[in-house]
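File shown: protein-v1.cif (mmCIF, C-alpha atoms).
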```cif
data_entry
loop_
_atom_site.label_atom_id
_atom_site.label_comp_id
_atom_site.auth_asym_id
_atom_site.auth_seq_id
_atom_site.Cartn_x
_atom_site.Cartn_y
_atom_site.Cartn_z
CA MET A 1 0.00 0.00 0.00
CA SER A 2 1.52 3.29 -1.10
CA TYR A 3 0.51 6.75 -2.24
CA ARG A 4 2.44 5.96 -5.43
CA ASP A 5 -0.56 3.88 -6.48
CA VAL A 6 -2.71 7.03 -6.71
CA ALA A 7 -0.07 9.33 -8.22
CA SER A 8 -1.35 9.80 -11.76
CA ARG A 9 -2.38 12.47 -14.20
CA GLN A 10 -5.96 11.26 -13.90
CA VAL A 11 -6.00 11.82 -10.15
CA LEU A 12 -4.61 15.31 -10.69
CA ILE A 13 -7.46 16.23 -13.06
CA TRP A 14 -9.98 14.70 -10.64
CA SER A 15 -8.54 16.87 -7.88
CA CYS A 16 -8.82 20.07 -9.90
CA THR A 17 -12.41 19.19 -10.77
CA THR A 18 -13.16 18.44 -7.13
CA VAL A 19 -11.74 21.76 -5.96
CA GLY A 20 -13.98 23.55 -8.45
CA ALA A 21 -17.03 21.62 -7.24
CA ARG A 22 -16.41 21.77 -3.49
CA MET A 23 -14.77 25.12 -2.88
CA PRO A 24 -18.07 26.96 -3.49
CA VAL A 25 -19.78 24.61 -1.02
CA ALA A 26 -17.22 25.45 1.67
CA MET A 27 -17.47 29.18 0.93
CA ALA A 28 -21.25 29.46 0.70
CA PRO A 29 -22.50 29.85 4.32
CA LEU A 30 -20.01 32.57 5.26
CA ALA A 31 -20.32 34.21 1.82
CA LEU A 32 -24.09 34.48 2.30
CA VAL A 33 -23.60 36.26 5.62
CA PHE A 34 -21.19 38.76 4.05
CA LEU A 35 -23.54 39.24 1.10
CA VAL A 36 -26.34 40.77 3.17
CA ARG A 37 -24.64 41.95 6.37
CA GLU A 38 -25.04 45.65 5.44
CA ARG A 39 -28.78 45.33 4.88
CA PRO A 40 -31.20 45.98 7.78
CA GLY A 41 -31.09 42.91 10.02
CA GLY A 42 -28.27 41.68 7.82
CA TYR A 43 -26.75 39.12 10.16
CA SER A 44 -30.12 37.52 10.90
CA LEU A 45 -30.91 37.42 7.20
CA GLY A 46 -27.48 35.92 6.51
CA ALA A 47 -28.15 33.17 9.03
CA ILE A 48 -31.51 32.45 7.36
CA LEU A 49 -29.88 32.27 3.92
CA ALA A 50 -27.18 29.94 5.24
CA ALA A 51 -29.88 27.76 6.79
CA ALA A 52 -31.74 27.68 3.46
CA TYR A 53 -28.52 26.60 1.76
CA VAL A 54 -27.97 23.75 4.26
CA ILE A 55 -31.62 22.66 4.00
CA GLY A 56 -31.16 22.45 0.24
CA GLU A 57 -28.12 20.22 0.76
CA ILE A 58 -29.88 17.93 3.22
CA ILE A 59 -32.92 17.49 0.95
CA GLY A 60 -31.07 17.36 -2.35
CA ALA A 61 -28.35 14.87 -1.43
CA PRO A 62 -30.51 11.75 -0.92
CA VAL A 63 -33.05 12.67 -3.60
CA LEU A 64 -30.53 13.38 -6.37
CA GLY A 65 -28.06 10.76 -5.16
CA MET A 66 -30.66 8.01 -5.52
CA ARG A 67 -31.33 9.13 -9.10
CA LEU A 68 -27.65 9.05 -10.08
CA ARG A 69 -27.10 6.24 -12.60
CA PRO A 70 -23.53 4.92 -12.93
CA ASP A 71 -23.85 4.58 -16.71
CA ARG A 72 -24.87 8.26 -17.15
CA ALA A 73 -22.91 9.82 -14.32
CA ARG A 74 -21.21 12.59 -16.28
CA VAL A 75 -24.45 14.09 -17.62
CA HIS A 76 -26.15 13.92 -14.22
CA LEU A 77 -23.23 15.57 -12.41
CA ALA A 78 -22.76 18.22 -15.11
CA VAL A 79 -26.41 19.28 -14.96
CA GLY A 80 -26.33 19.56 -11.18
CA LEU A 81 -23.13 21.60 -11.20
CA ALA A 82 -24.40 23.86 -14.00
CA VAL A 83 -27.63 24.59 -12.13
CA GLY A 84 -25.63 25.21 -8.95
CA ALA A 85 -23.33 27.62 -10.80
CA GLY A 86 -26.40 29.46 -12.09
CA ALA A 87 -27.82 29.76 -8.57
CA PHE A 88 -24.50 31.10 -7.24
CA THR A 89 -24.49 33.60 -10.10
CA GLY A 90 -28.00 34.73 -9.19
CA LEU A 91 -26.94 35.34 -5.60
CA GLY A 92 -23.90 37.32 -6.67
CA VAL A 93 -25.53 39.37 -9.43
CA PHE A 94 -28.80 40.20 -7.62
CA PRO A 95 -27.84 40.72 -3.96
CA GLY A 96 -30.52 43.36 -3.42
CA VAL A 97 -33.59 41.35 -4.41
CA HIS A 98 -36.31 40.28 -1.98
CA PRO A 99 -35.03 37.96 0.79
CA ALA A 100 -37.40 35.21 -0.34
CA VAL A 101 -35.76 35.21 -3.78
CA LEU A 102 -32.31 35.09 -2.21
CA ALA A 103 -33.43 32.18 -0.03
CA GLY A 104 -34.68 30.36 -3.14
CA PHE A 105 -31.34 30.89 -4.88
CA ALA A 106 -29.51 29.70 -1.75
CA CYS A 107 -31.64 26.57 -1.44
CA LEU A 108 -31.13 25.75 -5.13
CA ALA A 109 -27.38 26.39 -4.87
CA GLY A 110 -27.25 23.94 -1.97
CA ALA A 111 -29.44 21.25 -3.52
CA ALA A 112 -28.46 21.09 -7.20
CA PRO A 113 -24.84 19.89 -6.94
CA THR A 114 -25.31 17.53 -3.97
CA ALA A 115 -24.90 14.33 -5.99
CA THR A 116 -21.42 15.52 -6.94
CA THR A 117 -19.76 14.48 -3.68
CA GLY A 118 -20.87 10.88 -3.98
CA GLY A 119 -20.32 10.77 -7.73
CA LEU A 120 -16.78 12.14 -7.65
CA ARG A 121 -15.82 9.94 -4.70
CA THR A 122 -17.06 6.84 -6.52
CA LEU A 123 -15.27 7.95 -9.66
CA LEU A 124 -12.01 8.39 -7.76
CA THR A 125 -12.07 4.79 -6.54
CA VAL A 126 -12.52 3.63 -10.13
CA LEU A 127 -9.50 5.61 -11.28
CA VAL A 128 -7.08 3.85 -8.91
CA PRO A 129 -6.25 0.17 -8.31
CA GLU A 130 -8.57 -1.48 -5.81
CA ARG A 131 -5.69 -2.04 -3.40
CA ALA A 132 -5.28 1.76 -3.21
CA THR A 133 -8.87 2.53 -2.18
CA ALA A 134 -7.88 3.63 1.33
CA GLN A 135 -5.15 5.88 -0.04
CA ALA A 136 -7.55 7.41 -2.58
CA LEU A 137 -10.08 8.24 0.12
CA SER A 138 -7.28 9.68 2.25
CA ILE A 139 -6.26 11.92 -0.66
CA GLU A 140 -9.86 13.10 -0.91
CA SER A 141 -9.93 13.92 2.80
CA ILE A 142 -6.64 15.81 2.58
CA LEU A 143 -8.01 17.84 -0.32
CA THR A 144 -11.25 18.55 1.54
CA ALA A 145 -9.35 19.67 4.65
CA GLY A 146 -7.30 22.06 2.52
CA ILE A 147 -10.45 23.50 0.94
CA TRP A 148 -12.08 24.10 4.31
CA ALA A 149 -8.87 25.63 5.68
CA VAL A 150 -8.57 28.13 2.81
CA SER A 151 -12.21 29.05 2.17
CA PRO A 152 -12.93 31.28 5.25
CA ALA A 153 -9.94 33.51 4.53
CA ALA A 154 -10.83 33.63 0.83
CA VAL A 155 -14.41 34.68 1.57
CA ALA A 156 -13.44 37.34 4.10
CA GLY A 157 -10.69 38.74 1.89
CA LEU A 158 -12.86 39.00 -1.20
CA ALA A 159 -15.96 40.29 0.58
CA LEU A 160 -14.10 42.97 2.51
CA GLY A 161 -11.39 43.80 -0.02
CA VAL A 162 -13.31 43.60 -3.32
CA ALA A 163 -17.10 43.48 -2.96
CA SER A 164 -19.60 41.53 -0.88
CA PRO A 165 -20.90 39.48 -3.86
CA ALA A 166 -17.34 38.59 -5.01
CA PRO A 167 -17.07 35.26 -3.12
CA LEU A 168 -20.32 34.02 -4.68
CA ILE A 169 -19.24 35.11 -8.17
CA LEU A 170 -15.98 33.21 -7.63
CA GLY A 171 -17.98 30.21 -6.45
CA ALA A 172 -20.06 30.30 -9.61
CA ALA A 173 -16.94 30.45 -11.78
CA LEU A 174 -15.29 27.55 -9.91
CA MET A 175 -18.41 25.39 -10.16
CA ALA A 176 -18.71 26.11 -13.89
CA SER A 177 -15.05 25.13 -14.36
CA SER A 178 -15.72 21.80 -12.68
CA VAL A 179 -18.34 21.07 -15.36
CA ALA A 180 -15.60 21.40 -17.96
CA GLY A 181 -13.34 19.18 -15.86
CA LEU A 182 -15.89 16.35 -15.99
CA TRP A 183 -15.22 15.99 -19.72
CA LEU A 184 -11.61 15.04 -18.96
CA LEU A 185 -12.80 12.22 -16.72
CA PRO A 186 -14.69 8.98 -17.45
CA ALA A 187 -18.31 9.41 -18.42
CA SER A 188 -19.39 6.61 -16.09
CA TRP A 189 -18.09 4.02 -13.68
CA GLY A 190 -19.58 0.94 -15.26
CA ALA A 191 -22.84 -0.92 -15.32
CA ASP A 192 -25.45 -0.59 -12.62
CA ASP A 193 -25.02 -3.70 -10.48
CA THR A 194 -27.31 -2.96 -7.55
CA GLY A 195 -29.76 -5.51 -8.78
CA GLY A 196 -29.71 -5.81 -12.52
CA GLU A 197 -31.57 -4.08 -15.26
CA ASP A 198 -34.82 -4.11 -13.31
CA ARG A 199 -33.53 -2.20 -10.34
CA THR A 200 -36.29 -0.10 -8.75
CA SER A 201 -36.19 2.85 -6.44
CA ALA A 202 -37.66 0.62 -3.74
CA SER A 203 -34.82 -1.91 -4.00
CA LEU A 204 -32.20 0.83 -3.90
CA LEU A 205 -33.94 2.39 -0.93
CA ARG A 206 -33.82 -0.94 0.91
CA LEU A 207 -30.10 -1.22 0.23
CA LEU A 208 -29.46 2.30 1.48
CA THR A 209 -31.60 2.02 4.60
CA GLY A 210 -29.83 -1.23 5.46
CA ALA A 211 -26.63 0.77 5.94
CA TRP A 212 -28.23 3.15 8.48
CA PRO A 213 -25.66 2.49 11.26
CA VAL A 214 -22.88 3.89 9.07
CA TYR A 215 -24.89 7.05 8.44
CA VAL A 216 -25.57 7.51 12.16
CA THR A 217 -21.89 7.34 13.06
CA GLY A 218 -21.02 9.58 10.12
CA ALA A 219 -23.52 12.13 11.40
CA ALA A 220 -21.93 11.89 14.85
CA SER A 221 -18.49 12.51 13.37
CA LEU A 222 -19.44 15.75 11.65
CA ALA A 223 -21.59 16.81 14.61
CA LEU A 224 -18.42 17.23 16.68
CA LEU A 225 -16.88 19.35 13.95
CA GLY A 226 -19.97 21.55 13.80
CA LEU A 227 -20.02 21.83 17.57
CA SER A 228 -16.43 23.05 17.61
CA GLU A 229 -16.96 25.57 14.81
CA LEU A 230 -20.22 27.09 15.99
CA VAL A 231 -19.54 27.42 19.72
CA LEU A 232 -15.83 28.24 19.60
CA PRO A 233 -16.24 32.06 19.42
CA ALA A 234 -18.50 32.03 22.49
CA LEU A 235 -16.11 29.69 24.31
CA LEU A 236 -13.15 31.97 23.61
CA GLU A 237 -15.11 34.93 24.92
CA GLN A 238 -15.94 32.94 28.05
CA ARG A 239 -12.24 32.25 28.58
CA GLY A 240 -11.26 35.87 28.03
CA VAL A 241 -9.58 35.17 24.68
CA GLY A 242 -10.17 37.39 21.65
CA VAL A 243 -12.81 35.91 19.35
CA GLY A 244 -10.53 36.75 16.43
CA TRP A 245 -8.53 33.66 17.36
CA SER A 246 -11.43 31.43 16.29
CA GLY A 247 -10.32 31.62 12.66
CA PRO A 248 -6.71 30.46 13.22
CA LEU A 249 -7.85 27.79 15.67
CA LEU A 250 -10.34 26.34 13.19
CA THR A 251 -7.69 26.48 10.47
CA GLY A 252 -5.44 24.46 12.77
CA MET A 253 -8.25 21.95 13.23
CA ALA A 254 -8.61 21.64 9.45
CA VAL A 255 -4.85 21.19 9.05
CA GLY A 256 -4.98 18.47 11.70
CA GLY A 257 -7.71 16.79 9.66
CA GLY A 258 -5.51 16.79 6.58
CA LEU A 259 -2.60 15.36 8.57
CA GLY A 260 -4.82 12.63 9.98
CA ALA A 261 -6.04 11.65 6.54
CA PHE A 262 -2.46 11.47 5.26
CA VAL A 263 -1.27 9.28 8.13
CA HIS A 264 -4.32 7.03 7.79
CA GLY A 265 -3.41 6.29 4.17
CA LEU A 266 0.20 5.36 4.90
CA ARG A 267 -0.60 1.82 6.05
CA SER A 268 -3.34 -0.68 6.80
CA TRP A 269 -4.66 -0.54 10.33
CA PRO A 270 -5.66 -3.47 12.56
CA GLY A 271 -9.12 -4.16 13.89
CA ARG A 272 -12.65 -3.98 12.59
CA LEU A 273 -13.70 -0.75 10.96
CA ARG A 274 -16.55 -0.24 13.41
CA THR A 275 -14.21 -0.73 16.37
CA ARG A 276 -11.64 1.69 14.97
CA SER A 277 -14.40 4.20 14.36
CA LEU A 278 -15.62 3.85 17.95
CA VAL A 279 -12.12 4.43 19.34
CA LEU A 280 -11.51 7.42 17.06
CA MET A 281 -14.85 9.00 17.93
CA ALA A 282 -14.16 8.52 21.64
CA GLY A 283 -10.79 10.20 21.18
CA THR A 284 -12.33 13.09 19.24
CA SER A 285 -14.97 13.54 21.95
CA ALA A 286 -12.26 13.61 24.60
CA CYS A 287 -10.41 16.32 22.66
CA VAL A 288 -13.52 18.50 22.28
CA THR A 289 -14.27 18.00 25.98
CA LEU A 290 -10.74 19.08 26.85
CA ALA A 291 -11.12 22.17 24.65
CA ALA A 292 -14.31 23.04 26.54
CA LEU A 293 -12.77 22.63 29.97
CA THR A 294 -9.28 24.07 29.56
CA HIS A 295 -8.67 27.75 30.27
CA HIS A 296 -5.45 28.22 28.34
CA PRO A 297 -5.57 29.16 24.62
CA ALA A 298 -2.67 26.82 23.84
CA GLY A 299 -4.60 23.94 25.40
CA ILE A 300 -7.68 24.75 23.32
CA ALA A 301 -5.54 24.91 20.17
CA ALA A 302 -3.81 21.58 20.86
CA ALA A 303 -7.11 19.87 21.65
CA LEU A 304 -8.69 21.11 18.41
CA VAL A 305 -5.73 20.07 16.25
CA VAL A 306 -5.65 16.55 17.71
CA GLY A 307 -9.44 16.37 17.59
CA GLY A 308 -9.42 17.32 13.90
CA THR A 309 -6.83 14.64 13.22
CA LEU A 310 -8.91 11.92 14.88
CA GLN A 311 -12.19 13.16 13.37
CA SER A 312 -10.76 12.94 9.86
CA CYS A 313 -9.65 9.35 10.44
CA ALA A 314 -13.07 8.49 11.88
CA MET A 315 -14.81 9.84 8.77
CA LEU A 316 -12.49 7.75 6.58
CA THR A 317 -13.52 4.59 8.44
CA ARG A 318 -17.14 5.52 7.77
CA ASN A 319 -16.53 5.79 4.03
CA LEU A 320 -14.71 2.47 4.02
CA SER A 321 -17.52 0.86 6.04
CA LEU A 322 -20.05 2.13 3.53
CA ARG A 323 -18.07 0.47 0.72
CA GLU A 324 -18.49 -2.82 2.56
CA ALA A 325 -22.18 -2.35 3.22
CA LEU A 326 -23.28 -1.50 -0.33
CA PRO A 327 -22.71 -2.99 -3.80
CA PRO A 328 -20.69 -0.84 -6.23
CA GLY A 329 -23.68 0.46 -8.17
CA ALA A 330 -25.28 1.87 -5.00
CA LEU A 331 -22.16 3.56 -3.63
CA ALA A 332 -22.70 6.98 -5.20
CA ALA A 333 -26.23 7.11 -3.74
CA GLY A 334 -24.88 5.86 -0.43
CA TYR A 335 -22.23 8.56 -0.29
CA SER A 336 -24.92 11.15 -1.05
CA VAL A 337 -27.06 9.88 1.82
CA MET A 338 -23.97 10.02 4.04
CA TYR A 339 -23.50 13.64 2.96
CA ALA A 340 -27.07 14.44 3.99
CA ALA A 341 -26.73 12.55 7.28
CA ALA A 342 -23.52 14.36 8.13
CA GLY A 343 -25.17 17.70 7.34
CA ALA A 344 -28.11 16.78 9.55
CA GLY A 345 -25.75 15.84 12.39
CA TYR A 346 -23.93 19.14 11.99
CA ALA A 347 -27.19 21.08 12.03
CA ALA A 348 -28.71 19.13 14.95
CA THR A 349 -25.73 19.55 17.24
CA GLY A 350 -25.32 23.20 16.28
CA SER A 351 -29.01 23.84 16.95
CA LEU A 352 -28.79 22.10 20.34
CA ALA A 353 -25.73 24.12 21.32
CA GLY A 354 -27.31 27.35 20.05
CA ALA A 355 -30.44 26.76 22.12
CA LEU A 356 -28.43 25.89 25.22
CA LEU A 357 -26.25 28.99 24.88
CA LYS A 358 -29.27 31.06 25.89
CA ALA A 359 -29.34 29.34 29.28
CA VAL A 360 -25.91 27.88 30.04
CA ALA A 361 -22.24 28.68 29.58
CA PRO A 362 -20.59 27.83 26.21
CA SER A 363 -18.47 25.12 27.85
CA THR A 364 -21.61 23.44 29.18
CA ALA A 365 -23.26 23.64 25.75
CA ILE A 366 -20.23 21.91 24.23
CA LEU A 367 -20.37 19.14 26.82
CA ALA A 368 -24.06 18.58 26.05
CA GLY A 369 -23.23 18.32 22.35
CA VAL A 370 -20.48 15.82 23.11
CA GLY A 371 -22.98 13.75 25.08
CA LEU A 372 -25.37 13.68 22.09
CA THR A 373 -22.49 12.70 19.82
CA LEU A 374 -21.50 9.80 22.07
CA VAL A 375 -25.11 8.55 22.07
CA LEU A 376 -25.16 8.61 18.25
CA THR A 377 -21.80 6.85 18.12
CA GLY A 378 -23.01 4.11 20.46
CA VAL A 379 -26.20 3.58 18.45
CA GLY A 380 -24.23 3.38 15.22
CA TRP A 381 -21.71 0.90 16.66
CA TRP A 382 -24.52 -1.29 18.02
CA GLY A 383 -26.28 -1.27 14.66
CA GLU A 384 -23.11 -2.25 12.78
CA ALA A 385 -22.32 -5.04 15.25
CA ARG A 386 -25.89 -6.35 14.99
CA ARG A 387 -25.76 -6.18 11.20
CA ALA A 388 -22.40 -7.99 11.10
CA GLY A 389 -23.79 -10.72 13.35
CA ARG A 390 -26.32 -11.60 10.64
CA SER A 391 -23.72 -11.62 7.85
CA VAL A 392 -20.63 -13.63 6.99
CA PRO A 393 -18.22 -13.66 9.96
CA GLY A 394 -15.25 -11.36 9.46
CA ALA A 395 -16.87 -9.44 6.63
CA ASP A 396 -16.35 -6.10 8.29
CA THR A 397 -12.60 -6.47 8.82
CA ALA A 398 -11.72 -5.99 5.18
CA VAL A 399 -10.86 -2.49 4.07
CA ALA A 400 -11.40 -3.30 0.41
CA LEU A 401 -14.77 -3.20 -1.30
CA GLY A 402 -17.04 -5.77 0.28
CA SER A 403 -18.72 -6.64 -2.98
CA ALA A 404 -15.65 -6.85 -5.18
CA ALA A 405 -17.03 -9.97 -6.75
CA CYS A 406 -19.46 -7.80 -8.66
CA ASN A 407 -16.78 -7.08 -11.28
CA PRO A 408 -15.98 -3.43 -10.64
CA VAL A 409 -14.58 -1.54 -13.57
CA ALA A 410 -10.84 -1.99 -13.85
CA PRO A 411 -8.90 1.22 -14.26
CA GLY A 412 -7.23 1.55 -17.57
CA PRO A 413 -6.91 4.07 -20.33
CA GLN A 414 -9.79 4.54 -22.70
CA GLY A 415 -10.27 6.82 -25.61
CA PRO A 416 -12.19 10.01 -25.17
CA ALA A 417 -14.61 9.04 -27.92
CA THR A 418 -15.96 6.25 -25.68
CA GLY A 419 -16.38 8.50 -22.65
CA GLY A 420 -13.21 7.13 -21.08
CA ARG A 421 -10.29 8.92 -19.54
CA SER A 422 -8.28 11.48 -21.35
CA GLY A 423 -6.66 12.61 -18.13
CA ALA A 424 -7.31 12.30 -14.37
CA GLU A 425 -6.80 13.04 -10.86
CA ARG A 426 -4.62 14.40 -8.17
CA LEU A 427 -1.77 13.20 -5.95
#
```

Exercise: express the given structure as structure tokens:
Amino acid sequence: MSYRDVASRQVLIWSCTTVGARMPVAMAPLALVFLVRERPGGYSLGAILAAAYVIGEIIGAPVLGMRLRPDRARVHLAVGLAVGAGAFTGLGVFPGVHPAVLAGFACLAGAAPTATTGGLRTLLTVLVPERATAQALSIESILTAGIWAVSPAAVAGLALGVASPAPLILGAALMASSVAGLWLLPASWGADDTGGEDRTSASLLRLLTGAWPVYVTGAASLALLGLSELVLPALLEQRGVGVGWSGPLLTGMAVGGGLGAFVHGLRSWPGRLRTRSLVLMAGTSACVTLAALTHHPAGIAAALVVGGTLQSCAMLTRNLSLREALPPGALAAGYSVMYAAAGAGYAATGSLAGALLKAVAPSTAILAGVGLTLVLTGVGWWGEARRAGRSVPGADTAVALGSAACNPVAPGPQGPATGGRSGAERL
């Protein structure tokens, strides 16, 4: 197992396409706040627009992900990204329209490209040898951590230094560029093997709901991240630390996530995936708890960096577990459902902490969120253990695709006239 297995021109092109598709997603909530902050009640309106964006993501991901067909993936993803780019353009070009119109644009911008995460992740695993699946997913996590580390500074710099709509215009341009990037990647990832030619929405839904424990733990993983991001400014104020430090501290957390993803891909790790996930989630919870209880800024920073490292590894185990739980043709839909579940976990924990902040100290609100996360983690672990008990013994210890016998597409060069690769993804 080595990162050399994923070092190819195809992976580089995939990475550029992914940056174009995901950078706008990372920029959007903060960009929406900056867009309207100078209007009357601007910050409240910005929060409403950000909520509309997230609601669009949560609704769109499972709906569009379930409609994503492996044999027509490029067209499906391109349409979603093009509509998303149009919605971002509408937000940037018409910032003064009625708030209801802005909310509609925000919801559409969140919903339209939501199948892209699952589609591009599935495509990445097709572009590399099967033995390098863990490394490929680690590369994706490193790239995502970098995007989330850079996006807040990019939004603030453009909104304050150029114009408030500038981040959204940039997001539209990046998303449009990712549409072009799709034409340098395979048009599909093979035949639909979730049940044959007569696959129905009901059969796919049964497959996806059968993997519910993985979604629950995935939601718990991102819930801790959301808890840290949303309550950190209030916590710093409680500790007598300038709230301006929240940005660098969260950047450090994102850098820790990238480091964790890199280390995770360096080798194979012992133990069942569900057990590793449980240990990593417990470690992340301990780090967030320490950040809530410590009074020294250096202690908060160290706890967040280590917590980000462990959280990134936990999310990787969830993606690998999902590959075991679903056949290849259902993976893109499964990843989309995971995306929605993670967003729901983020929103639920943030809402809980926000409500508690009206009555308790920020540190107490964080501890309550950690408690909810641990409950979700326990439920997810129990569900996976119960599911494994009804399946072939030892099935959940493999890191490779659990249904590899379904003849996944073998990576290899194809001509562009057949929709195959004329380039590809990143290191």

Pairwise distance, CA of Val83 in chain A with CA of Gly46 in chain A, equals 21.8 Å

Tell me which residues the PyMOL selection byres ((chain A and resi 288) around 10) grabs here, as a compact mmCIF listing (two decimals) with C-alpha atoms, in the coordinates of the input.
```txt
# COMPACT_ATOMS: atom_id res chain seq x y z
CA LEU A 224 -18.42 17.23 16.68
CA LEU A 225 -16.88 19.35 13.95
CA LEU A 227 -20.02 21.83 17.57
CA SER A 228 -16.43 23.05 17.61
CA GLY A 283 -10.79 10.20 21.18
CA THR A 284 -12.33 13.09 19.24
CA SER A 285 -14.97 13.54 21.95
CA ALA A 286 -12.26 13.61 24.60
CA CYS A 287 -10.41 16.32 22.66
CA THR A 289 -14.27 18.00 25.98
CA LEU A 290 -10.74 19.08 26.85
CA ALA A 291 -11.12 22.17 24.65
CA ALA A 292 -14.31 23.04 26.54
CA LEU A 293 -12.77 22.63 29.97
CA ILE A 300 -7.68 24.75 23.32
CA ALA A 303 -7.11 19.87 21.65
CA LEU A 304 -8.69 21.11 18.41
CA VAL A 305 -5.73 20.07 16.25
CA VAL A 306 -5.65 16.55 17.71
CA GLY A 307 -9.44 16.37 17.59
CA GLY A 308 -9.42 17.32 13.90
CA SER A 363 -18.47 25.12 27.85
CA ILE A 366 -20.23 21.91 24.23
CA LEU A 367 -20.37 19.14 26.82
CA GLY A 369 -23.23 18.32 22.35
CA VAL A 370 -20.48 15.82 23.11
```

Please provide as an MDAnalysis selection string all residues within 9 Å of Pro167 in chain A, with the sequence filter that same-chain residues fewer than 6 positions apart are discarded (counting all atoms listed in the file).
chainID A and resid 24 27:28 31:32 34:35 92 154:159

Of the candidates A:Leu230, A:Ala134, A:Leu185, A:Ala347, which one gets nearest to Asn319 in chain A if we count all atoms listed in the file?
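Counting all atoms listed in the file, the residue closest to Asn319 in chain A is A:Ala134.
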
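Those residues returned by the PyMOL selection byres ((chain A and resi 381-391) around 10) for this file are A:Gly210, A:Ala211, A:Trp212, A:Pro213, A:Val214, A:Val216, A:Thr217, A:Leu273, A:Arg274, A:Thr275, A:Ser277, A:Leu278, A:Ser321, A:Ala325, A:Val375, A:Leu376, A:Thr377, A:Gly378, A:Val379, A:Gly380, A:Val392, A:Pro393, A:Gly394, A:Ala395, A:Asp396.
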
Quick one: apply the PyMOL selection byres ((chain A and resi 26) around 10) to the file and drop the selected residues here as a list in words.
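Those residues are Ala21, Arg22, Met23, Pro24, Val25, Met27, Ala28, Pro29, Leu30, Ala31, Thr144, Ile147, Trp148, Ala149, Val150, Ser151, Pro152, Val155 and Gly171 of chain A.
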
Tell me which protein, DNA and RNA residues are within 10 Å of range 176-178 of chain A, counting all atoms listed in the file, leaving out same-chain ones fewer than 5 positions away, and put them as a VMD selection string.
chain A and resid 13 to 22 77 to 78 81 to 86 170 to 171 183

For the residues in that selection, give me C-alpha atoms as a compact mmCIF listing (two decimals), in the coordinates of the input.
```
# COMPACT_ATOMS: atom_id res chain seq x y z
CA ILE A 13 -7.46 16.23 -13.06
CA TRP A 14 -9.98 14.70 -10.64
CA SER A 15 -8.54 16.87 -7.88
CA CYS A 16 -8.82 20.07 -9.90
CA THR A 17 -12.41 19.19 -10.77
CA THR A 18 -13.16 18.44 -7.13
CA VAL A 19 -11.74 21.76 -5.96
CA GLY A 20 -13.98 23.55 -8.45
CA ALA A 21 -17.03 21.62 -7.24
CA ARG A 22 -16.41 21.77 -3.49
CA LEU A 77 -23.23 15.57 -12.41
CA ALA A 78 -22.76 18.22 -15.11
CA LEU A 81 -23.13 21.60 -11.20
CA ALA A 82 -24.40 23.86 -14.00
CA VAL A 83 -27.63 24.59 -12.13
CA GLY A 84 -25.63 25.21 -8.95
CA ALA A 85 -23.33 27.62 -10.80
CA GLY A 86 -26.40 29.46 -12.09
CA LEU A 170 -15.98 33.21 -7.63
CA GLY A 171 -17.98 30.21 -6.45
CA TRP A 183 -15.22 15.99 -19.72
```

For Trp269 in chain A, which of A:Cys313, A:Val360, A:Leu127, A:Leu352 is the closest residue, counting only C-alpha atoms?
A:Cys313

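Atom pair CA of Gly252 in chain A / CA of Ala361 in chain A: separated by 24.1 Å.
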
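Between Gln238 in chain A and the residues A:Pro362, A:Pro270, A:Gly181, A:Pro40, the shortest atom-to-atom distance, using all atoms listed in the file, involves A:Pro362.
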
So how far away is CA of Gly218 in chain A from CA of Ala87 in chain A, in Å?
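Value for the CA of Ala87 in chain A-CA of Gly218 in chain A distance: 28.3 Å.
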
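Among the candidates A:Arg69, A:Arg74, A:Arg37, A:Arg323, the residue lying nearest to Leu208 in chain A is A:Arg323 (atoms considered: all atoms listed in the file).
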
Pick from A:Pro129, A:Ala187, A:Ile142, A:Leu235 nearest to Gly260 in chain A, counting all atoms listed in the file
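So, comparing all the options, the nearest one is A:Ile142.
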
Option closest in space to Ala353 in chain A, from A:Thr122, A:Thr373, A:Thr209, A:Ser164 [counting only C-alpha atoms]:
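Using only C-alpha atoms, the shortest distance to Ala353 in chain A belongs to A:Thr373.
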